[in-house]
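Undergrad: My structure is below; once you've seen it, I'll send some questions.
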Amino acid sequence: MTPRRLALLGASGGLALTLGWAAIAQSPPPPAPQPASPPPASPPPVAGPVSQATTPVSNAGETQTCPPAFLAPFKAMGVPYHRSEDANAQQAPMICRATYALSFNTATGSPDWVIERLAKARLVGSAQRANNFRPDPLLPGSPTAQDYTKTGYDRGHQAPAGDAKFAQPAMDDSFFMSNMSPQVGIGFNRGQWKILEETVRAWIICGGHQDVVVMTGPIYGASTKRVGPKALLVPEAYYKIVYDVKSDRVVGFILPNQPLKRQDLDAYAVPVSEIEDRTGLDFFRGFTRRHQNVLESSAGSAWGHDTACSDADTDD
């Protein structure tokens with residue numbers, strides 16, 4: 001049976017968009033193709049607390065859409081979408097919140113994808129890690145911090161804590177367990193993967209990339225290893241796709257979920273089409289097919305930034 005997937009945006013008690021609300025809705029079908037042009041400018045910073053979403057959950061297969069303002073940052077390009085019709089027919093309603101969006105896979109215990117839209121204003125500030133890992137109250141049967149205890153794997157952020165330095169509630173939102181996936185610690189989550197996360201922030205803070213969309217998630221491949229009380233499936237690798245809205249440039253990465261020696265990130269650069277093949281996801285589905293082909297066909301290379309950029313070395 002095709003696993004159900006829960007799509008979540010942000011987290012309970014988190015930050016809302018400037019409209020100050022949250023809602024739950026059915027994951028929308030792919031939007032009509034848009035002209036091959038960059039998305040609109042980045043939305044204003046998130047502000048204001050939000051209470052737990054209370055919109056009724058619709059039945060499977062019933063079409064509902066999130067209020068447009070919630071998905072506006074990703075409207076032109078579209079959020080990732082499972083290519084399998086069976087997978088989409090089984091998809092659970094989308095939960096809409098503020099700083100990031102994710103689609104949770106209840107069969108694996110991890111999100112299939114997490115999407116963020118980042119600007120410098122969100123990456124700098126006084127917010128600090130509280131390490132308050134906790135179940136997501138909007139995800140029935142959410143993993144807990146204890147599900148990772150003594151497994152040998154880190155609770156690996158998919159939307160990094162360091163991407164939300166601008167406000168403490170936003171950073172706290174990143175510690176919901178719906179945003180975690182089992183990652184090797186030394187040499188990966190605390191090594192090469194952390195370097196990738198910090199490098200992406202450096203591109204934004206002091207590399208001239210002012211409006212960037214980042215998509216992150218696991219690749220399972222042939223992995224059958226499960227850990228913890230909820231039998232979380234351990235990915236064999238992780239991907240990250242970084243898209244510059246203004247320049248219409250993209251670079252994708254796949255890093256094996258294992259201890260890695262520090263090396264140039266170009267060693268892990270891959271075409272987005274390879275990530276699609278290995279995950280079954282469709283990225284940039286709001287763009288025309290021609291535009292998608294141009295973006296997804298080449299591996300690209302890691303972008304540059306000022307080597308003195310220290311502000312990017314923030315919590316992950």
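Note on naming: chains are A, B, ... as they come in the structure tokens, residues start from 1 per chain, ligands start from 1 in the order shown.
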Kindly assemble as a tab-separated table a list of the segment 61-176 of chain A residues that lie within 8 Å of segment 201-216 of chain A, each paired with its nearest atom pair and their distance in Å to one decimal, using only C-alpha atoms, sorted first by chain and then by ascending residue number.

TA:
residue	atom	partner	partner_atom	distance
A:Trp113	CA	A:Thr216	CA	5.5
A:Val114	CA	A:Thr216	CA	5.2
A:Ile115	CA	A:Met215	CA	4.5
A:Glu116	CA	A:Val214	CA	5.2
A:Arg117	CA	A:Val213	CA	4.4
A:Leu118	CA	A:Val212	CA	5.2
A:Ala119	CA	A:Asp211	CA	5.2
A:Lys120	CA	A:Ile205	CA	5.2
A:Leu123	CA	A:Arg201	CA	7.1
A:Gln158	CA	A:Thr216	CA	6.1
A:Ala159	CA	A:Thr216	CA	7.4
A:Asp163	CA	A:Arg201	CA	7.4

Undergrad: Considering only strand (DSSP E) as DSSP defines it on the backbone, what residues of segment 54-187 of chain A qualify? List them as an MDAnalysis selection string.

TA: chainID A and resid 81:82 93:96 101:105 110:118 154:157 180:183

Undergrad: Segment 185-191 of chain A: which residues within 12 Å, counting only C-alpha atoms, same-chain residues fewer than 4 positions away excluded, as a PDB file with all heavy atoms, in the first residue's frame?

TA:
ATOM      1  N   TYR A 148      14.924   8.633  18.866  1.00  0.00           N
ATOM      2  CA  TYR A 148      16.292   8.655  18.358  1.00  0.00           C
ATOM      3  C   TYR A 148      17.317   8.240  19.420  1.00  0.00           C
ATOM      4  O   TYR A 148      18.490   8.061  19.114  1.00  0.00           O
ATOM      5  CB  TYR A 148      16.645  10.053  17.860  1.00  0.00           C
ATOM      6  CG  TYR A 148      16.022  10.428  16.532  1.00  0.00           C
ATOM      7  CD1 TYR A 148      14.670  10.730  16.421  1.00  0.00           C
ATOM      8  CD2 TYR A 148      16.792  10.473  15.374  1.00  0.00           C
ATOM      9  CE1 TYR A 148      14.101  11.077  15.209  1.00  0.00           C
ATOM     10  CE2 TYR A 148      16.240  10.825  14.153  1.00  0.00           C
ATOM     11  CZ  TYR A 148      14.887  11.124  14.074  1.00  0.00           C
ATOM     12  OH  TYR A 148      14.332  11.456  12.864  1.00  0.00           O
ATOM     13  N   THR A 151      20.122   5.279  19.194  1.00  0.00           N
ATOM     14  CA  THR A 151      20.046   4.676  17.862  1.00  0.00           C
ATOM     15  C   THR A 151      21.373   4.818  17.114  1.00  0.00           C
ATOM     16  O   THR A 151      21.588   4.154  16.104  1.00  0.00           O
ATOM     17  CB  THR A 151      18.955   5.347  17.012  1.00  0.00           C
ATOM     18  OG1 THR A 151      19.291   6.733  16.825  1.00  0.00           O
ATOM     19  CG2 THR A 151      17.581   5.223  17.680  1.00  0.00           C
ATOM     20  N   GLY A 152      22.225   5.722  17.583  1.00  0.00           N
ATOM     21  CA  GLY A 152      23.465   6.005  16.871  1.00  0.00           C
ATOM     22  C   GLY A 152      23.304   7.066  15.805  1.00  0.00           C
ATOM     23  O   GLY A 152      24.261   7.342  15.063  1.00  0.00           O
ATOM     24  N   TYR A 153      22.115   7.679  15.717  1.00  0.00           N
ATOM     25  CA  TYR A 153      21.858   8.701  14.700  1.00  0.00           C
ATOM     26  C   TYR A 153      21.416  10.006  15.351  1.00  0.00           C
ATOM     27  O   TYR A 153      20.758  10.007  16.396  1.00  0.00           O
ATOM     28  CB  TYR A 153      20.786   8.227  13.707  1.00  0.00           C
ATOM     29  CG  TYR A 153      21.272   7.110  12.830  1.00  0.00           C
ATOM     30  CD1 TYR A 153      21.129   5.782  13.231  1.00  0.00           C
ATOM     31  CD2 TYR A 153      21.902   7.368  11.618  1.00  0.00           C
ATOM     32  CE1 TYR A 153      21.605   4.744  12.432  1.00  0.00           C
ATOM     33  CE2 TYR A 153      22.375   6.342  10.821  1.00  0.00           C
ATOM     34  CZ  TYR A 153      22.223   5.032  11.235  1.00  0.00           C
ATOM     35  OH  TYR A 153      22.709   4.015  10.456  1.00  0.00           O
ATOM     36  N   ASP A 154      21.789  11.119  14.714  1.00  0.00           N
ATOM     37  CA  ASP A 154      21.364  12.437  15.174  1.00  0.00           C
ATOM     38  C   ASP A 154      19.932  12.711  14.745  1.00  0.00           C
ATOM     39  O   ASP A 154      19.446  12.185  13.733  1.00  0.00           O
ATOM     40  CB  ASP A 154      22.261  13.528  14.584  1.00  0.00           C
ATOM     41  CG  ASP A 154      23.609  13.626  15.268  1.00  0.00           C
ATOM     42  OD1 ASP A 154      23.876  12.826  16.187  1.00  0.00           O
ATOM     43  OD2 ASP A 154      24.401  14.515  14.871  1.00  0.00           O
ATOM     44  N   ARG A 155      19.268  13.581  15.510  1.00  0.00           N
ATOM     45  CA  ARG A 155      17.995  14.155  15.071  1.00  0.00           C
ATOM     46  C   ARG A 155      18.368  15.273  14.097  1.00  0.00           C
ATOM     47  O   ARG A 155      18.654  16.406  14.498  1.00  0.00           O
ATOM     48  CB  ARG A 155      17.231  14.695  16.278  1.00  0.00           C
ATOM     49  CG  ARG A 155      16.855  13.633  17.301  1.00  0.00           C
ATOM     50  CD  ARG A 155      16.155  14.230  18.518  1.00  0.00           C
ATOM     51  NE  ARG A 155      17.074  14.965  19.363  1.00  0.00           N
ATOM     52  CZ  ARG A 155      17.537  14.537  20.527  1.00  0.00           C
ATOM     53  NH1 ARG A 155      17.173  13.347  20.995  1.00  0.00           N
ATOM     54  NH2 ARG A 155      18.361  15.268  21.241  1.00  0.00           N
ATOM     55  N   GLY A 156      18.389  14.951  12.826  1.00  0.00           N
ATOM     56  CA  GLY A 156      18.916  15.868  11.821  1.00  0.00           C
ATOM     57  C   GLY A 156      17.870  16.819  11.272  1.00  0.00           C
ATOM     58  O   GLY A 156      16.909  16.386  10.628  1.00  0.00           O
ATOM     59  N   HIS A 157      18.062  18.129  11.545  1.00  0.00           N
ATOM     60  CA  HIS A 157      17.164  19.148  10.984  1.00  0.00           C
ATOM     61  C   HIS A 157      17.170  19.063   9.462  1.00  0.00           C
ATOM     62  O   HIS A 157      18.212  18.940   8.840  1.00  0.00           O
ATOM     63  CB  HIS A 157      17.636  20.543  11.371  1.00  0.00           C
ATOM     64  CG  HIS A 157      17.313  20.957  12.770  1.00  0.00           C
ATOM     65  ND1 HIS A 157      17.958  20.433  13.866  1.00  0.00           N
ATOM     66  CD2 HIS A 157      16.425  21.868  13.234  1.00  0.00           C
ATOM     67  CE1 HIS A 157      17.478  21.014  14.962  1.00  0.00           C
ATOM     68  NE2 HIS A 157      16.552  21.879  14.610  1.00  0.00           N
ATOM     69  N   GLN A 158      15.990  19.207   8.867  1.00  0.00           N
ATOM     70  CA  GLN A 158      15.896  19.375   7.425  1.00  0.00           C
ATOM     71  C   GLN A 158      15.783  20.861   7.075  1.00  0.00           C
ATOM     72  O   GLN A 158      16.426  21.330   6.152  1.00  0.00           O
ATOM     73  CB  GLN A 158      14.703  18.585   6.879  1.00  0.00           C
ATOM     74  CG  GLN A 158      14.804  17.076   7.160  1.00  0.00           C
ATOM     75  CD  GLN A 158      16.061  16.449   6.576  1.00  0.00           C
ATOM     76  OE1 GLN A 158      16.112  16.149   5.383  1.00  0.00           O
ATOM     77  NE2 GLN A 158      17.082  16.246   7.400  1.00  0.00           N
ATOM     78  N   PRO A 160      17.158  23.914   8.725  1.00  0.00           N
ATOM     79  CA  PRO A 160      18.103  24.134   9.822  1.00  0.00           C
ATOM     80  C   PRO A 160      17.655  25.220  10.801  1.00  0.00           C
ATOM     81  O   PRO A 160      17.025  26.206  10.400  1.00  0.00           O
ATOM     82  CB  PRO A 160      19.386  24.564   9.104  1.00  0.00           C
ATOM     83  CG  PRO A 160      19.220  24.113   7.693  1.00  0.00           C
ATOM     84  CD  PRO A 160      17.758  24.180   7.411  1.00  0.00           C
ATOM     85  N   MET A 180      12.668  16.424  11.471  1.00  0.00           N
ATOM     86  CA  MET A 180      13.886  15.655  11.711  1.00  0.00           C
ATOM     87  C   MET A 180      13.954  14.398  10.846  1.00  0.00           C
ATOM     88  O   MET A 180      12.930  13.862  10.422  1.00  0.00           O
ATOM     89  CB  MET A 180      13.986  15.235  13.189  1.00  0.00           C
ATOM     90  CG  MET A 180      13.909  16.381  14.163  1.00  0.00           C
ATOM     91  SD  MET A 180      15.254  17.550  13.947  1.00  0.00           S
ATOM     92  CE  MET A 180      14.478  19.037  14.586  1.00  0.00           C
ATOM     93  N   SER A 181      15.188  13.923  10.651  1.00  0.00           N
ATOM     94  CA  SER A 181      15.425  12.673   9.931  1.00  0.00           C
ATOM     95  C   SER A 181      16.722  12.073  10.466  1.00  0.00           C
ATOM     96  O   SER A 181      17.631  12.814  10.862  1.00  0.00           O
ATOM     97  CB  SER A 181      15.532  12.951   8.428  1.00  0.00           C
ATOM     98  OG  SER A 181      15.592  11.743   7.685  1.00  0.00           O
ATOM     99  N   ILE A 195      28.512  21.880   6.866  1.00  0.00           N
ATOM    100  CA  ILE A 195      29.247  22.808   6.005  1.00  0.00           C
ATOM    101  C   ILE A 195      28.369  23.270   4.846  1.00  0.00           C
ATOM    102  O   ILE A 195      28.361  24.446   4.475  1.00  0.00           O
ATOM    103  CB  ILE A 195      30.538  22.147   5.486  1.00  0.00           C
ATOM    104  CG1 ILE A 195      31.533  21.958   6.643  1.00  0.00           C
ATOM    105  CG2 ILE A 195      31.167  22.965   4.364  1.00  0.00           C
ATOM    106  CD1 ILE A 195      32.735  21.114   6.286  1.00  0.00           C
ATOM    107  N   LEU A 196      27.602  22.344   4.265  1.00  0.00           N
ATOM    108  CA  LEU A 196      26.695  22.716   3.178  1.00  0.00           C
ATOM    109  C   LEU A 196      25.652  23.716   3.664  1.00  0.00           C
ATOM    110  O   LEU A 196      25.382  24.728   2.998  1.00  0.00           O
ATOM    111  CB  LEU A 196      26.016  21.463   2.612  1.00  0.00           C
ATOM    112  CG  LEU A 196      24.923  21.688   1.561  1.00  0.00           C
ATOM    113  CD1 LEU A 196      25.457  22.465   0.364  1.00  0.00           C
ATOM    114  CD2 LEU A 196      24.331  20.349   1.115  1.00  0.00           C
ATOM    115  N   GLU A 197      25.053  23.461   4.820  1.00  0.00           N
ATOM    116  CA  GLU A 197      24.049  24.382   5.353  1.00  0.00           C
ATOM    117  C   GLU A 197      24.644  25.769   5.600  1.00  0.00           C
ATOM    118  O   GLU A 197      24.028  26.794   5.258  1.00  0.00           O
ATOM    119  CB  GLU A 197      23.478  23.822   6.655  1.00  0.00           C
ATOM    120  CG  GLU A 197      22.641  22.560   6.467  1.00  0.00           C
ATOM    121  CD  GLU A 197      22.188  21.954   7.774  1.00  0.00           C
ATOM    122  OE1 GLU A 197      22.893  22.106   8.791  1.00  0.00           O
ATOM    123  OE2 GLU A 197      21.119  21.317   7.788  1.00  0.00           O
ATOM    124  N   GLU A 198      25.824  25.819   6.196  1.00  0.00           N
ATOM    125  CA  GLU A 198      26.472  27.096   6.468  1.00  0.00           C
ATOM    126  C   GLU A 198      26.864  27.820   5.172  1.00  0.00           C
ATOM    127  O   GLU A 198      26.772  29.048   5.085  1.00  0.00           O
ATOM    128  CB  GLU A 198      27.701  26.874   7.344  1.00  0.00           C
ATOM    129  CG  GLU A 198      27.364  26.425   8.759  1.00  0.00           C
ATOM    130  CD  GLU A 198      28.600  26.068   9.569  1.00  0.00           C
ATOM    131  OE1 GLU A 198      29.682  25.901   8.961  1.00  0.00           O
ATOM    132  OE2 GLU A 198      28.489  25.955  10.799  1.00  0.00           O
ATOM    133  N   GLU A 236      19.828   6.531   2.846  1.00  0.00           N
ATOM    134  CA  GLU A 236      21.199   6.275   2.415  1.00  0.00           C
ATOM    135  C   GLU A 236      21.897   7.564   1.988  1.00  0.00           C
ATOM    136  O   GLU A 236      23.119   7.616   1.868  1.00  0.00           O
ATOM    137  CB  GLU A 236      21.246   5.256   1.284  1.00  0.00           C
ATOM    138  CG  GLU A 236      20.705   5.708  -0.047  1.00  0.00           C
ATOM    139  CD  GLU A 236      20.900   4.669  -1.145  1.00  0.00           C
ATOM    140  OE1 GLU A 236      21.012   3.470  -0.840  1.00  0.00           O
ATOM    141  OE2 GLU A 236      20.926   5.076  -2.326  1.00  0.00           O
ATOM    142  N   ALA A 237      21.106   8.629   1.775  1.00  0.00           N
ATOM    143  CA  ALA A 237      21.679   9.911   1.360  1.00  0.00           C
ATOM    144  C   ALA A 237      20.657  11.017   1.623  1.00  0.00           C
ATOM    145  O   ALA A 237      19.496  10.748   1.960  1.00  0.00           O
ATOM    146  CB  ALA A 237      22.055   9.882  -0.120  1.00  0.00           C
ATOM    147  N   TYR A 238      21.119  12.251   1.472  1.00  0.00           N
ATOM    148  CA  TYR A 238      20.243  13.422   1.563  1.00  0.00           C
ATOM    149  C   TYR A 238      20.518  14.340   0.385  1.00  0.00           C
ATOM    150  O   TYR A 238      21.645  14.401  -0.120  1.00  0.00           O
ATOM    151  CB  TYR A 238      20.460  14.182   2.868  1.00  0.00           C
ATOM    152  CG  TYR A 238      19.880  13.474   4.067  1.00  0.00           C
ATOM    153  CD1 TYR A 238      20.619  12.524   4.759  1.00  0.00           C
ATOM    154  CD2 TYR A 238      18.573  13.729   4.492  1.00  0.00           C
ATOM    155  CE1 TYR A 238      20.086  11.851   5.842  1.00  0.00           C
ATOM    156  CE2 TYR A 238      18.031  13.060   5.575  1.00  0.00           C
ATOM    157  CZ  TYR A 238      18.790  12.125   6.242  1.00  0.00           C
ATOM    158  OH  TYR A 238      18.241  11.456   7.310  1.00  0.00           O
ATOM    159  N   LEU A 255      24.443  14.091  -0.792  1.00  0.00           N
ATOM    160  CA  LEU A 255      25.516  13.674   0.110  1.00  0.00           C
ATOM    161  C   LEU A 255      25.146  12.347   0.744  1.00  0.00           C
ATOM    162  O   LEU A 255      24.051  12.217   1.315  1.00  0.00           O
ATOM    163  CB  LEU A 255      25.753  14.710   1.221  1.00  0.00           C
ATOM    164  CG  LEU A 255      26.645  15.914   0.888  1.00  0.00           C
ATOM    165  CD1 LEU A 255      26.010  16.797  -0.181  1.00  0.00           C
ATOM    166  CD2 LEU A 255      26.924  16.728   2.145  1.00  0.00           C
ATOM    167  N   PRO A 256      26.015  11.330   0.666  1.00  0.00           N
ATOM    168  CA  PRO A 256      25.748  10.048   1.321  1.00  0.00           C
ATOM    169  C   PRO A 256      25.633  10.229   2.830  1.00  0.00           C
ATOM    170  O   PRO A 256      26.395  10.999   3.434  1.00  0.00           O
ATOM    171  CB  PRO A 256      26.969   9.196   0.961  1.00  0.00           C
ATOM    172  CG  PRO A 256      27.596   9.883  -0.201  1.00  0.00           C
ATOM    173  CD  PRO A 256      27.298  11.340  -0.056  1.00  0.00           C
ATOM    174  N   ASN A 257      24.696   9.532   3.441  1.00  0.00           N
ATOM    175  CA  ASN A 257      24.472   9.615   4.883  1.00  0.00           C
ATOM    176  C   ASN A 257      25.486   8.733   5.609  1.00  0.00           C
ATOM    177  O   ASN A 257      25.173   7.650   6.105  1.00  0.00           O
ATOM    178  CB  ASN A 257      23.038   9.184   5.208  1.00  0.00           C
ATOM    179  CG  ASN A 257      22.670   9.426   6.670  1.00  0.00           C
ATOM    180  OD1 ASN A 257      23.276  10.250   7.352  1.00  0.00           O
ATOM    181  ND2 ASN A 257      21.672   8.697   7.145  1.00  0.00           N
ATOM    182  N   GLN A 258      26.713   9.216   5.657  1.00  0.00           N
ATOM    183  CA  GLN A 258      27.819   8.465   6.243  1.00  0.00           C
ATOM    184  C   GLN A 258      28.919   9.453   6.610  1.00  0.00           C
ATOM    185  O   GLN A 258      28.896  10.600   6.165  1.00  0.00           O
ATOM    186  CB  GLN A 258      28.360   7.445   5.239  1.00  0.00           C
ATOM    187  CG  GLN A 258      28.948   8.080   3.984  1.00  0.00           C
ATOM    188  CD  GLN A 258      29.261   7.070   2.893  1.00  0.00           C
ATOM    189  OE1 GLN A 258      28.473   6.183   2.607  1.00  0.00           O
ATOM    190  NE2 GLN A 258      30.430   7.213   2.288  1.00  0.00           N
ATOM    191  N   PRO A 259      29.887   9.051   7.433  1.00  0.00           N
ATOM    192  CA  PRO A 259      30.989   9.962   7.748  1.00  0.00           C
ATOM    193  C   PRO A 259      31.738  10.330   6.467  1.00  0.00           C
ATOM    194  O   PRO A 259      32.132   9.459   5.698  1.00  0.00           O
ATOM    195  CB  PRO A 259      31.870   9.143   8.698  1.00  0.00           C
ATOM    196  CG  PRO A 259      30.952   8.121   9.285  1.00  0.00           C
ATOM    197  CD  PRO A 259      29.976   7.786   8.200  1.00  0.00           C
ATOM    198  N   LEU A 260      31.915  11.620   6.246  1.00  0.00           N
ATOM    199  CA  LEU A 260      32.554  12.111   5.021  1.00  0.00           C
ATOM    200  C   LEU A 260      33.762  12.970   5.371  1.00  0.00           C
ATOM    201  O   LEU A 260      33.728  13.744   6.329  1.00  0.00           O
ATOM    202  CB  LEU A 260      31.562  12.941   4.198  1.00  0.00           C
ATOM    203  CG  LEU A 260      30.291  12.224   3.716  1.00  0.00           C
ATOM    204  CD1 LEU A 260      29.318  13.235   3.120  1.00  0.00           C
ATOM    205  CD2 LEU A 260      30.622  11.134   2.725  1.00  0.00           C
ATOM    206  N   LYS A 261      34.801  12.830   4.563  1.00  0.00           N
ATOM    207  CA  LYS A 261      35.944  13.718   4.702  1.00  0.00           C
ATOM    208  C   LYS A 261      35.568  15.085   4.130  1.00  0.00           C
ATOM    209  O   LYS A 261      34.816  15.186   3.167  1.00  0.00           O
ATOM    210  CB  LYS A 261      37.153  13.156   3.958  1.00  0.00           C
ATOM    211  CG  LYS A 261      37.695  11.866   4.554  1.00  0.00           C
ATOM    212  CD  LYS A 261      38.919  11.385   3.785  1.00  0.00           C
ATOM    213  CE  LYS A 261      39.473  10.113   4.398  1.00  0.00           C
ATOM    214  NZ  LYS A 261      40.676   9.623   3.656  1.00  0.00           N
ATOM    215  N   ARG A 262      36.101  16.121   4.742  1.00  0.00           N
ATOM    216  CA  ARG A 262      35.802  17.464   4.266  1.00  0.00           C
ATOM    217  C   ARG A 262      36.407  17.670   2.879  1.00  0.00           C
ATOM    218  O   ARG A 262      37.585  17.410   2.667  1.00  0.00           O
ATOM    219  CB  ARG A 262      36.359  18.506   5.231  1.00  0.00           C
ATOM    220  CG  ARG A 262      36.049  19.937   4.806  1.00  0.00           C
ATOM    221  CD  ARG A 262      36.311  20.913   5.920  1.00  0.00           C
ATOM    222  NE  ARG A 262      35.987  22.278   5.528  1.00  0.00           N
ATOM    223  CZ  ARG A 262      35.885  23.303   6.368  1.00  0.00           C
ATOM    224  NH1 ARG A 262      36.089  23.104   7.659  1.00  0.00           N
ATOM    225  NH2 ARG A 262      35.575  24.504   5.922  1.00  0.00           N
ATOM    226  N   GLN A 263      35.580  18.088   1.936  1.00  0.00           N
ATOM    227  CA  GLN A 263      36.053  18.380   0.599  1.00  0.00           C
ATOM    228  C   GLN A 263      35.154  19.405  -0.052  1.00  0.00           C
ATOM    229  O   GLN A 263      34.092  19.763   0.486  1.00  0.00           O
ATOM    230  CB  GLN A 263      36.128  17.109  -0.252  1.00  0.00           C
ATOM    231  CG  GLN A 263      34.802  16.390  -0.450  1.00  0.00           C
ATOM    232  CD  GLN A 263      34.960  15.153  -1.320  1.00  0.00           C
ATOM    233  OE1 GLN A 263      35.689  15.156  -2.313  1.00  0.00           O
ATOM    234  NE2 GLN A 263      34.285  14.076  -0.943  1.00  0.00           N
ATOM    235  N   ASP A 315      23.771  28.445  14.233  1.00  0.00           N
ATOM    236  CA  ASP A 315      23.283  27.137  14.672  1.00  0.00           C
ATOM    237  C   ASP A 315      22.563  26.417  13.551  1.00  0.00           C
ATOM    238  O   ASP A 315      21.916  27.011  12.715  1.00  0.00           O
ATOM    239  CB  ASP A 315      22.306  27.317  15.835  1.00  0.00           C
ATOM    240  CG  ASP A 315      22.962  27.938  17.043  1.00  0.00           C
ATOM    241  OD1 ASP A 315      23.998  27.411  17.465  1.00  0.00           O
ATOM    242  OD2 ASP A 315      22.444  28.954  17.549  1.00  0.00           O
ATOM    243  N   ASP A 316      22.666  25.076  13.574  1.00  0.00           N
ATOM    244  CA  ASP A 316      21.995  24.250  12.565  1.00  0.00           C
ATOM    245  C   ASP A 316      20.972  23.347  13.224  1.00  0.00           C
ATOM    246  O   ASP A 316      20.933  23.213  14.411  1.00  0.00           O
ATOM    247  CB  ASP A 316      23.031  23.404  11.828  1.00  0.00           C
ATOM    248  CG  ASP A 316      23.964  24.284  10.997  1.00  0.00           C
ATOM    249  OD1 ASP A 316      23.450  24.989  10.141  1.00  0.00           O
ATOM    250  OD2 ASP A 316      25.187  24.252  11.233  1.00  0.00           O
TER     251      ASP A 316
END

Undergrad: Which polymer residues have any atom within 7 Å of an atom of Leu233 of chain A, counting only C-alpha atoms, with same-chain residues fewer than 5 positions away left out, as a PyMOL selection string?

TA: chain A and resi 108-109+224-227

Undergrad: Give me a file of those residues, with N, CA, C and O atoms, as a PDB file, in the first residue's frame.

TA:
ATOM      1  N   THR A 108       7.994   6.239   6.641  1.00  0.00           N
ATOM      2  CA  THR A 108       9.435   6.296   6.885  1.00  0.00           C
ATOM      3  C   THR A 108       9.778   7.015   8.181  1.00  0.00           C
ATOM      4  O   THR A 108      10.853   6.814   8.740  1.00  0.00           O
ATOM      5  N   GLY A 109       8.873   7.879   8.659  1.00  0.00           N
ATOM      6  CA  GLY A 109       9.126   8.635   9.875  1.00  0.00           C
ATOM      7  C   GLY A 109       9.928   9.900   9.656  1.00  0.00           C
ATOM      8  O   GLY A 109      10.435  10.484  10.625  1.00  0.00           O
ATOM      9  N   THR A 224      17.128  -0.526   4.081  1.00  0.00           N
ATOM     10  CA  THR A 224      16.079  -1.230   4.834  1.00  0.00           C
ATOM     11  C   THR A 224      16.307  -1.099   6.342  1.00  0.00           C
ATOM     12  O   THR A 224      15.558  -1.672   7.124  1.00  0.00           O
ATOM     13  N   LYS A 225      17.323  -0.347   6.737  1.00  0.00           N
ATOM     14  CA  LYS A 225      17.651  -0.212   8.156  1.00  0.00           C
ATOM     15  C   LYS A 225      16.652   0.691   8.858  1.00  0.00           C
ATOM     16  O   LYS A 225      16.381   1.809   8.424  1.00  0.00           O
ATOM     17  N   ARG A 226      16.097   0.200   9.956  1.00  0.00           N
ATOM     18  CA  ARG A 226      15.154   0.974  10.759  1.00  0.00           C
ATOM     19  C   ARG A 226      15.654   1.030  12.191  1.00  0.00           C
ATOM     20  O   ARG A 226      16.240   0.064  12.690  1.00  0.00           O
ATOM     21  N   VAL A 227      15.396   2.144  12.851  1.00  0.00           N
ATOM     22  CA  VAL A 227      15.908   2.351  14.203  1.00  0.00           C
ATOM     23  C   VAL A 227      14.826   2.944  15.094  1.00  0.00           C
ATOM     24  O   VAL A 227      13.884   3.594  14.616  1.00  0.00           O
TER      25      VAL A 227
END

Undergrad: One number please: atom CA of Tyr100 of chain A to atom CA of Ser298 of chain A, in Å, one decimal.

TA: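 Interatomic distance, atom CA of Tyr100 of chain A to atom CA of Ser298 of chain A: 26.6 Å.
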
Undergrad: Between atom CA of Gly217 of chain A and atom CA of Thr199 of chain A, what is the spacing in Å?

TA: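 Distance reported for this atom pair: 17.3 Å.
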
Undergrad: In Å, rounded to a single decimal, give me how far atom CA of Lys75 of chain A is from atom CA of Ala302 of chain A.

TA: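 About the pair atom CA of Ala302 of chain A and atom CA of Lys75 of chain A: they are 25.6 Å apart.
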
Undergrad: Which residues, written as a list in words, have at least one atom at most 6 Å from segment 124-135 of chain A, with only C-alpha atoms counted and residues fewer than 2 positions away on the same chain left out?

TA: Ala121, Arg122, Ser142, Pro143, Thr144, Ala145, Lys165, Phe166, Ala167, Gln168, Phe175, Phe176 and Met177 of chain A
